[in-house]
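Participant: Quick one: this structure, given as structure tokens, is what I'll be asking you about.
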Amino acid sequence: MQKYARYTGAVMRYHKSLQKHYDLSEKDIENLLYIQPNMEKYRQEFLDDYLDAAKSKFHLTGEQIAALEANSDKMEKWYNCLFQGCTANPYYNFLYKQGAGLFKYNFDPDFIPAMISFARLWMHEKVFQTIDDDYRRKGILLSLHKLLDINSEIMLGAYYDKTVSKYSSVFSWRKTIVDFSERFSLVMHSILVLVLMGLTIMSVYIFAQDVIHLLSGHAETMLITALGSLLIIWVLVELLHTEVQIIGGGKFKTSVFISVALIAFIRDLLIITLKHEKGNMFQHGFILTSILVLGLIFWLISHTEGKD
């Protein structure tokens with residue numbers, strides 16, 4: 001059971017975490033995209049060799065062979081996505097379903113690592129045949145290793161999740177709750193994105209109106225209003241960018257909300273300055289102190305998030 005627990009919940013990891021754990025960088029994605037046109041011509045050969053290897057390495061039942069043949073389109077999709085450098089959550093969900101499907105048809109648990117190993121060696125040979133530059137070839141192979149290891153972990157995780165849930169009703173119920181919660185969270189984030197998009201469009205419309213009034217000769221009042229509208233657009237764009245990153249699997253960033261508060265105080269300071277209002281020293285001091293403190297907090301949090 002310890003071996004099973006090792007892989008439990010692997011699919012719950014966001015793709016950013018997996019990329020960090022396996023040191024998968026943008027350069028690795030570029031390497032896979034570089035070799036993709038050359039590897040595409042070997043796709044059908046790989047599918048045929050994969051099926052032959054599966055039959056020769058394992059004593060497959062007629063149902064298992066039929067399942068492999070019926071799902072050849074999914075194997076083709078996996079091959080294409082591998083060399084397209086797919087690293088987003090939808091692709092990882094696809095891998096998870098394939099690992100769960102292998103459990104459904106009672107494949108041996110060693111089937112996944114064994115066939116990933118076959119794919120690794122098979123692709124090694126094709127890369128050596130295709131790329132003459134030793135330095136470039138080494139980089140491509142290292143990148144391929146990383147992504148294949150990630151693929152193997154996710155599929156094994158799905159297989160062992162199904163194994164554990166078979167013997168534990170509590171685990172199955174917990175997984176159902178987590179899956180439902182993740183879907184609900186995705187729906188709510190999607191609603192937030194739509195709302196932020198609508199607010200951003202409205203803010204741009206208001207800003208355009210302010211600029212028109214400014215050009216019409218109402219410079220004294222419209223300049224302040226236009227700058228305020230511009231800062232609001234800035235805030236909305238930052239929030240929208242954060243929500244899109246979260247949906248794509250990125251981490252929640254506290255610094256965004258600190259920047260929102262910082263921009264709000266800067267906006268107040270600009271309005272007071274441009275209106276040439278005397279105000280009181282306490283108000284000015286409070287705003288300046290708040291900007292200083294929030295700026296320091298923003299720098300510290302951004303620095304920490306950058307390291308993470």
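So you can find residues: chains in the structure tokens are A, B, ... in the order shown, residues in each start at 1, and ligands are numbered from 1 in order.
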Residues within 7 Å of stretch 73-88 of chain A, please, as a ChimeraX atom specification. Count only C-alpha atoms; anything in the same chain fewer than 5 positions from it doesn't count.
Facilitator: /A:15,29,32-33,36,248
Participant: With all heavy atoms kept, could you save the residues just selected as an mmCIF file, in the first residue's frame?
Facilitator:
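The result, stored in selection-v5.cif:
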data_model
loop_
_atom_site.group_PDB
_atom_site.id
_atom_site.type_symbol
_atom_site.label_atom_id
_atom_site.label_comp_id
_atom_site.auth_asym_id
_atom_site.auth_seq_id
_atom_site.Cartn_x
_atom_site.Cartn_y
_atom_site.Cartn_z
ATOM 1 N N HIS A 15 0.129 21.704 -13.302
ATOM 2 C CA HIS A 15 1.232 21.442 -14.224
ATOM 3 C C HIS A 15 2.464 22.256 -13.887
ATOM 4 O O HIS A 15 3.584 21.831 -14.145
ATOM 5 C CB HIS A 15 0.788 21.683 -15.656
ATOM 6 C CG HIS A 15 0.593 23.113 -16.016
ATOM 7 N ND1 HIS A 15 -0.557 23.805 -15.752
ATOM 8 C CD2 HIS A 15 1.420 23.991 -16.629
ATOM 9 C CE1 HIS A 15 -0.456 25.035 -16.189
ATOM 10 N NE2 HIS A 15 0.729 25.185 -16.721
ATOM 11 N N ILE A 29 10.593 22.559 -23.972
ATOM 12 C CA ILE A 29 9.459 22.588 -24.899
ATOM 13 C C ILE A 29 9.931 22.946 -26.306
ATOM 14 O O ILE A 29 9.489 22.368 -27.306
ATOM 15 C CB ILE A 29 8.391 23.590 -24.420
ATOM 16 C CG1 ILE A 29 7.965 23.274 -22.979
ATOM 17 C CG2 ILE A 29 7.190 23.567 -25.352
ATOM 18 C CD1 ILE A 29 7.436 21.889 -22.775
ATOM 19 N N LEU A 32 11.475 19.912 -28.013
ATOM 20 C CA LEU A 32 10.493 18.956 -28.505
ATOM 21 C C LEU A 32 9.794 19.475 -29.763
ATOM 22 O O LEU A 32 9.518 18.716 -30.686
ATOM 23 C CB LEU A 32 9.470 18.660 -27.406
ATOM 24 C CG LEU A 32 10.034 17.929 -26.177
ATOM 25 C CD1 LEU A 32 9.005 17.893 -25.058
ATOM 26 C CD2 LEU A 32 10.467 16.521 -26.540
ATOM 27 N N LEU A 33 9.515 20.768 -29.782
ATOM 28 C CA LEU A 33 8.903 21.361 -30.975
ATOM 29 C C LEU A 33 9.866 21.330 -32.157
ATOM 30 O O LEU A 33 9.439 21.204 -33.316
ATOM 31 C CB LEU A 33 8.473 22.804 -30.677
ATOM 32 C CG LEU A 33 7.273 22.971 -29.741
ATOM 33 C CD1 LEU A 33 7.067 24.430 -29.388
ATOM 34 C CD2 LEU A 33 6.005 22.390 -30.363
ATOM 35 N N GLN A 36 9.680 17.828 -33.570
ATOM 36 C CA GLN A 36 8.326 17.386 -33.905
ATOM 37 C C GLN A 36 8.100 17.125 -35.396
ATOM 38 O O GLN A 36 7.543 16.077 -35.757
ATOM 39 C CB GLN A 36 7.316 18.404 -33.361
ATOM 40 C CG GLN A 36 5.869 17.928 -33.407
ATOM 41 C CD GLN A 36 5.136 18.411 -34.647
ATOM 42 O OE1 GLN A 36 5.565 19.369 -35.288
ATOM 43 N NE2 GLN A 36 4.048 17.747 -34.983
ATOM 44 N N GLY A 248 -5.310 28.109 -15.860
ATOM 45 C CA GLY A 248 -4.311 27.332 -16.599
ATOM 46 C C GLY A 248 -3.430 26.483 -15.714
ATOM 47 O O GLY A 248 -2.608 25.722 -16.212
#
Participant: Quick one: contact table of stretch 148-231 of chain A to stretch 111-131 of chain A, 9 Å max, nearest atom pair and distance in Å to one decimal per residue, counting only C-alpha atoms, chain and number order, as a Markdown table?
Facilitator:
| residue | atom | partner | partner_atom | distance |
| --- | --- | --- | --- | --- |
| A:Leu148 | CA | A:Ile116 | CA | 7.0 |
| A:Asp149 | CA | A:Ile116 | CA | 8.3 |
| A:Asn151 | CA | A:Ile116 | CA | 8.4 |
| A:Ser152 | CA | A:Pro113 | CA | 6.5 |
| A:Glu153 | CA | A:Pro113 | CA | 9.0 |
| A:Met155 | CA | A:Ile112 | CA | 7.3 |
| A:Leu156 | CA | A:Ile112 | CA | 6.9 |
Participant: Just checking: using only C-alpha atoms, which residue out of A:Leu95, A:Thr289, A:Ile247, A:Leu144 ends up closest to A:Arg183?
Facilitator: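 Nearest candidate to A:Arg183 out of A:Leu95, A:Thr289, A:Ile247, A:Leu144: A:Ile247.
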Participant: Would you mind telling me which residue in A:Thr61, A:Ser229, A:Ser25, A:Ser203 lies nearest to A:Phe107 when using only C-alpha atoms?
Facilitator: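 Using only C-alpha atoms, A:Phe107 sits closest to A:Thr61.
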Participant: Name the residues in contact with A:Leu270 at a cut-off of 12 Å, using only C-alpha atoms, excluding same-chain residues fewer than 5 positions from it; report them as number ranges by chain.
Facilitator: A: 223-228, 231, 263-265, 275-277, 284, 287-288
Participant: Include C-alpha atoms and write out the residues we just selected as a PDB file, in the first residue's frame.
Facilitator:
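Wrote it out as result-v9.pdb, contents follow:
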ATOM      1  CA  LEU A 223      -7.502  64.723 -17.084  1.00  0.00           C
ATOM      2  CA  ILE A 224      -8.004  63.536 -13.520  1.00  0.00           C
ATOM      3  CA  THR A 225     -10.999  61.376 -14.478  1.00  0.00           C
ATOM      4  CA  ALA A 226      -9.147  59.826 -17.443  1.00  0.00           C
ATOM      5  CA  LEU A 227      -6.126  58.948 -15.304  1.00  0.00           C
ATOM      6  CA  GLY A 228      -8.427  57.385 -12.720  1.00  0.00           C
ATOM      7  CA  LEU A 231      -5.618  52.988 -13.374  1.00  0.00           C
ATOM      8  CA  ILE A 263      -2.600  51.452  -7.314  1.00  0.00           C
ATOM      9  CA  ALA A 264      -5.667  52.668  -5.388  1.00  0.00           C
ATOM     10  CA  PHE A 265      -3.494  54.830  -3.112  1.00  0.00           C
ATOM     11  CA  LYS A 275      -6.586  69.082  -8.282  1.00  0.00           C
ATOM     12  CA  HIS A 276      -4.044  71.202  -6.381  1.00  0.00           C
ATOM     13  CA  GLU A 277      -6.010  70.634  -3.214  1.00  0.00           C
ATOM     14  CA  HIS A 284      -1.136  63.412   2.679  1.00  0.00           C
ATOM     15  CA  ILE A 287      -1.365  58.237   1.714  1.00  0.00           C
ATOM     16  CA  LEU A 288       2.418  58.578   1.282  1.00  0.00           C
TER      17      LEU A 288
END
Participant: Mind listing the alpha helix (DSSP H) residues of stretch 13-93 of chain A, per DSSP on the backbone, as an MDAnalysis selection string?
Facilitator: chainID A and resid 15:21 26:40 43:57 62:70 72:83 89:93
Participant: Write out as JSON, numbers by chain which residues come within 9 Å of A:Ile301 when counting only C-alpha atoms, dropping same-chain ones fewer than 2 positions away.
Facilitator: {"A": [253, 254, 255, 258, 296, 297, 298, 299, 303, 304, 305, 306]}
Participant: Between A:Met39, A:Ala70, A:Leu102, A:Ile246, which is the closest to A:Tyr159 once you count only C-alpha atoms?
Facilitator: A:Leu102
Participant: Just the number, please: distance in Å from atom CA of A:Ala158 to atom CA of A:Gly99, one decimal.
Facilitator: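 These two atoms are separated by 5.1 Å.
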